[in-house]
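Notes follow once the structure below has been shown.
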Amino acid sequence: MKIIFMGTPEFAVPALDGLVNAGHEVLAVFTQPDKPRGRGQKISFSPVKEYALSKNLEVFQPLSLRKGEDGEKSLNLIKESAPDVIIVAAYGQILPCEVLETPRFGCVNIHASLLPRWRGASPINFCIMSGDKQTGVTIQQMAEGIDTGDMLLWESCEIGEEMTSAKLHDRLKEIGARLIVRFAQNPQDYINRKTAQNNSDATYAPLITKEMKKIDCSKTSEEIYNFIRGLSGEAFVFYGDKRLKVFSSKIVDSGMEKGNLEIICGDKKTLRLLEIQPEGKKRMSAEEFLRGQREILPIR
């Protein structure tokens, strides 16, 4: 089958690899433009671009598919390539209607949730932050709305009590790769059996901004515990005027104990921070951090 693949982060790489190894013809790979990353702001390629180049696949990085010269060129390229299907995995751009309607089998998205729960950009984070016990991957026929299209196939996955979004991400990317290879073997069969989403059950997981990563200490201990797991080291608190990223925590039965970094939560229970990273320093245990402090300061 002739495929155009659109994806950007690590989540999309196993899917592209699976399609290549299954013998499909990947006509082109679209990914987001190169961006500066890290402290040195060095220009780096997306994981999908790195993989595509290693397999000698043609890579395109338009700023937009919807407007301007980039959009026009991309649309012409897609039409001239005449793909059977466009497969999308966390690409990072909304596809215009003309693109959705071009391939014979349409555009198909690998979405990291059991739709219609957690439509949007951050389903892996939100399912854990919300305390869900189960999630999965849905292969869906793309429509003009955000993750509103018909479902073609799906697979569920249990969420353990200590699972972080990083660990869940790694599990779901493999499930997504397996499902999309299965779909590509006989796409018309799955399209013939598609299932519409129940919009009344839909929830939305927006892109997580820096401001959304601050821990709200007035929340319950379980809510904060899930929030920390759901952000995998991106959640933070202030210790005095120091910003601390929090990687792990646990709810403890005892009250505040000397020598521990703890939060008295909104439900009056104690949440002990276990592993943190002070701003500008290495990741460390909370115990190691406290040994270097002259005085105990409030967490906020």
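Naming works like this for the structure tokens: A, B, ... for the chains as they're shown, residue 1 at the start of each chain, ligands 1 onward in shown order.
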Hey, what's within 6 Å of Ala286 of chain A if we count only C-alpha atoms and toss same-chain stuff fewer than 4 positions away? As a PDB file with all heavy atoms, in the first residue's frame, please?
```
ATOM      1  N   LEU A 274       9.480  12.201  46.978  1.00  0.00           N
ATOM      2  CA  LEU A 274      10.581  11.252  47.045  1.00  0.00           C
ATOM      3  C   LEU A 274      11.766  11.643  46.181  1.00  0.00           C
ATOM      4  O   LEU A 274      12.912  11.549  46.612  1.00  0.00           O
ATOM      5  CB  LEU A 274      10.094   9.858  46.636  1.00  0.00           C
ATOM      6  CG  LEU A 274       8.955   9.276  47.467  1.00  0.00           C
ATOM      7  CD1 LEU A 274       8.530   7.922  46.905  1.00  0.00           C
ATOM      8  CD2 LEU A 274       9.350   9.147  48.935  1.00  0.00           C
ATOM      9  N   GLU A 275      11.500  12.047  44.958  1.00  0.00           N
ATOM     10  CA  GLU A 275      12.572  12.404  44.036  1.00  0.00           C
ATOM     11  C   GLU A 275      12.244  13.728  43.375  1.00  0.00           C
ATOM     12  O   GLU A 275      11.152  13.899  42.829  1.00  0.00           O
ATOM     13  CB  GLU A 275      12.759  11.309  42.981  1.00  0.00           C
ATOM     14  CG  GLU A 275      14.059  11.438  42.210  1.00  0.00           C
ATOM     15  CD  GLU A 275      14.324  10.265  41.282  1.00  0.00           C
ATOM     16  OE1 GLU A 275      13.394   9.480  41.035  1.00  0.00           O
ATOM     17  OE2 GLU A 275      15.455  10.156  40.799  1.00  0.00           O
ATOM     18  N   ILE A 276      13.208  14.647  43.427  1.00  0.00           N
ATOM     19  CA  ILE A 276      12.962  16.000  42.934  1.00  0.00           C
ATOM     20  C   ILE A 276      14.177  16.493  42.142  1.00  0.00           C
ATOM     21  O   ILE A 276      15.217  15.849  42.105  1.00  0.00           O
ATOM     22  CB  ILE A 276      12.644  16.965  44.099  1.00  0.00           C
ATOM     23  CG1 ILE A 276      13.774  16.980  45.152  1.00  0.00           C
ATOM     24  CG2 ILE A 276      11.333  16.578  44.769  1.00  0.00           C
ATOM     25  CD1 ILE A 276      14.796  18.032  44.980  1.00  0.00           C
TER      26      ILE A 276
END
```
Quick one: everything within 12 Å of Ile43 of chain A, counting only C-alpha atoms, minus sequence neighbours fewer than 5 positions away in the same chain. Send it as a PyMOL selection string. chain A and resi 33-38
Distance query segment 3-16 of chain A at most 7 Å, only C-alpha atoms, self and fewer than 4 positions along chain excluded, as a compact mmCIF listing (two decimals) with N, CA, C and O atoms, in the first residue's frame:
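And here is the file that came out, around_39.txt:
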```txt
# COMPACT_ATOMS: atom_id res chain seq x y z
N VAL A 20 7.14 0.30 7.52
CA VAL A 20 8.29 0.06 6.64
C VAL A 20 8.65 -1.42 6.62
O VAL A 20 8.84 -2.02 5.56
N GLU A 25 4.89 0.89 0.87
CA GLU A 25 5.65 1.94 0.20
C GLU A 25 5.36 3.28 0.86
O GLU A 25 4.26 3.84 0.71
N VAL A 26 6.33 3.79 1.59
CA VAL A 26 6.17 5.09 2.25
C VAL A 26 6.63 6.17 1.27
O VAL A 26 7.83 6.33 1.03
N LEU A 27 5.68 6.87 0.69
CA LEU A 27 5.98 7.85 -0.36
C LEU A 27 6.68 9.09 0.19
O LEU A 27 7.53 9.67 -0.48
N ALA A 28 6.28 9.50 1.38
CA ALA A 28 6.84 10.71 1.99
C ALA A 28 6.55 10.69 3.48
O ALA A 28 5.56 10.08 3.93
N VAL A 29 7.39 11.38 4.23
CA VAL A 29 7.20 11.54 5.66
C VAL A 29 7.12 13.03 5.96
O VAL A 29 8.02 13.80 5.60
N PHE A 30 6.03 13.45 6.59
CA PHE A 30 5.86 14.83 7.03
C PHE A 30 6.10 14.90 8.53
O PHE A 30 5.57 14.08 9.29
N THR A 31 6.90 15.87 8.96
CA THR A 31 7.16 16.06 10.38
C THR A 31 7.32 17.55 10.65
O THR A 31 7.47 18.35 9.73
N GLN A 32 7.29 17.94 11.91
CA GLN A 32 7.39 19.34 12.25
C GLN A 32 8.79 19.89 11.95
O GLN A 32 9.78 19.16 11.96
N SER A 46 13.40 16.05 14.71
CA SER A 46 12.39 15.27 15.44
C SER A 46 12.77 13.80 15.37
O SER A 46 13.47 13.36 14.46
N PRO A 47 12.31 12.98 16.34
CA PRO A 47 12.57 11.54 16.28
C PRO A 47 12.10 10.89 14.97
O PRO A 47 12.77 10.01 14.44
N VAL A 48 10.97 11.36 14.44
CA VAL A 48 10.47 10.80 13.18
C VAL A 48 11.40 11.14 12.03
O VAL A 48 11.69 10.30 11.17
N PRO A 83 -1.49 8.93 -2.63
CA PRO A 83 -1.37 7.86 -1.63
C PRO A 83 -2.69 7.12 -1.46
O PRO A 83 -3.77 7.68 -1.67
N ASP A 84 -2.58 5.86 -1.07
CA ASP A 84 -3.78 5.12 -0.70
C ASP A 84 -4.34 5.61 0.62
O ASP A 84 -5.56 5.62 0.84
N VAL A 85 -3.44 6.00 1.52
CA VAL A 85 -3.84 6.45 2.85
C VAL A 85 -2.78 7.40 3.39
O VAL A 85 -1.60 7.28 3.05
N ILE A 86 -3.20 8.34 4.22
CA ILE A 86 -2.27 9.13 5.03
C ILE A 86 -2.43 8.67 6.46
O ILE A 86 -3.55 8.68 7.01
N ILE A 87 -1.34 8.26 7.07
CA ILE A 87 -1.36 7.80 8.46
C ILE A 87 -0.70 8.86 9.33
O ILE A 87 0.41 9.32 9.05
N VAL A 88 -1.41 9.24 10.38
CA VAL A 88 -0.98 10.35 11.25
C VAL A 88 -0.77 9.84 12.67
O VAL A 88 -1.60 9.08 13.19
N ALA A 89 0.33 10.25 13.29
CA ALA A 89 0.61 9.88 14.69
C ALA A 89 1.27 11.07 15.37
O ALA A 89 2.46 11.30 15.18
N ALA A 90 0.50 11.83 16.14
CA ALA A 90 1.04 12.97 16.90
C ALA A 90 1.85 13.90 15.99
O ALA A 90 2.98 14.27 16.32
N TYR A 91 1.28 14.28 14.87
CA TYR A 91 1.99 15.12 13.91
C TYR A 91 2.17 16.54 14.44
O TYR A 91 3.24 17.12 14.31
N LYS A 173 2.78 3.38 22.58
CA LYS A 173 3.38 3.54 21.24
C LYS A 173 3.57 2.19 20.56
O LYS A 173 3.45 2.09 19.33
N GLU A 174 3.82 1.15 21.34
CA GLU A 174 3.95 -0.19 20.76
C GLU A 174 2.60 -0.75 20.36
O GLU A 174 2.47 -1.42 19.33
N GLY A 176 0.05 1.09 19.44
CA GLY A 176 -0.32 1.85 18.25
C GLY A 176 0.34 1.32 17.00
O GLY A 176 -0.29 1.22 15.94
N ALA A 177 1.62 0.96 17.11
CA ALA A 177 2.34 0.41 15.96
C ALA A 177 1.73 -0.91 15.51
O ALA A 177 1.53 -1.15 14.31
N ILE A 180 -1.75 -0.21 13.78
CA ILE A 180 -1.75 0.43 12.46
C ILE A 180 -1.23 -0.53 11.39
O ILE A 180 -1.67 -0.49 10.24
```
Contacts of segment 98-216 of chain A with segment 63-80 of chain A up to 10 Å, shortest pair per row, only C-alpha atoms, as CSV:
```
residue,atom,partner,partner_atom,distance
A:Glu98,CA,A:Leu75,CA,7.6
A:Val99,CA,A:Leu75,CA,6.6
A:Thr102,CA,A:Lys79,CA,6.5
A:Pro103,CA,A:Lys79,CA,8.1
```
Name the residues in contact with Leu231 of chain A at a cut-off of 8 Å, using only C-alpha atoms, excluding same-chain residues fewer than 2 positions from it; report them as a list of chain:residue names. A:Asn125, A:Met129, A:Thr164, A:Ser165, A:Lys213, A:Phe227, A:Ile228, A:Arg229, A:Gly233, A:Glu234, A:Ala235
Give me the residues within 7 Å of Ala112 of chain A as a ChimeraX atom specification, counting only C-alpha atoms and dropping any in the same chain fewer than 2 places off. /A:110,123-124,136-138,172
Write down as a PyMOL selection string the residues belonging to segment 124-284 of chain A that are assigned alpha helix (DSSP H) by DSSP computed on the backbone. chain A and resi 124-129+165-185+187-192+221-231
When you draw a straight line from atom CA of Ile94 of chain A to atom CA of Asn199 of chain A, how long is it in Å? 19.8 Å
Which residue out of A:Ala22, A:Ile264, A:Ile296, A:Val246 has the minimum interatomic distance to Glu279 of chain A when only C-alpha atoms are used?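 Of all the options, A:Val246 lies closest to Glu279 of chain A.
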Here is a test: counting only C-alpha atoms, which residue of A:Lys167, A:Ile299, A:Arg291, A:Lys282 is nearest to Glu262 of chain A?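 With only C-alpha atoms as the atom set, the closest residue is A:Ile299.
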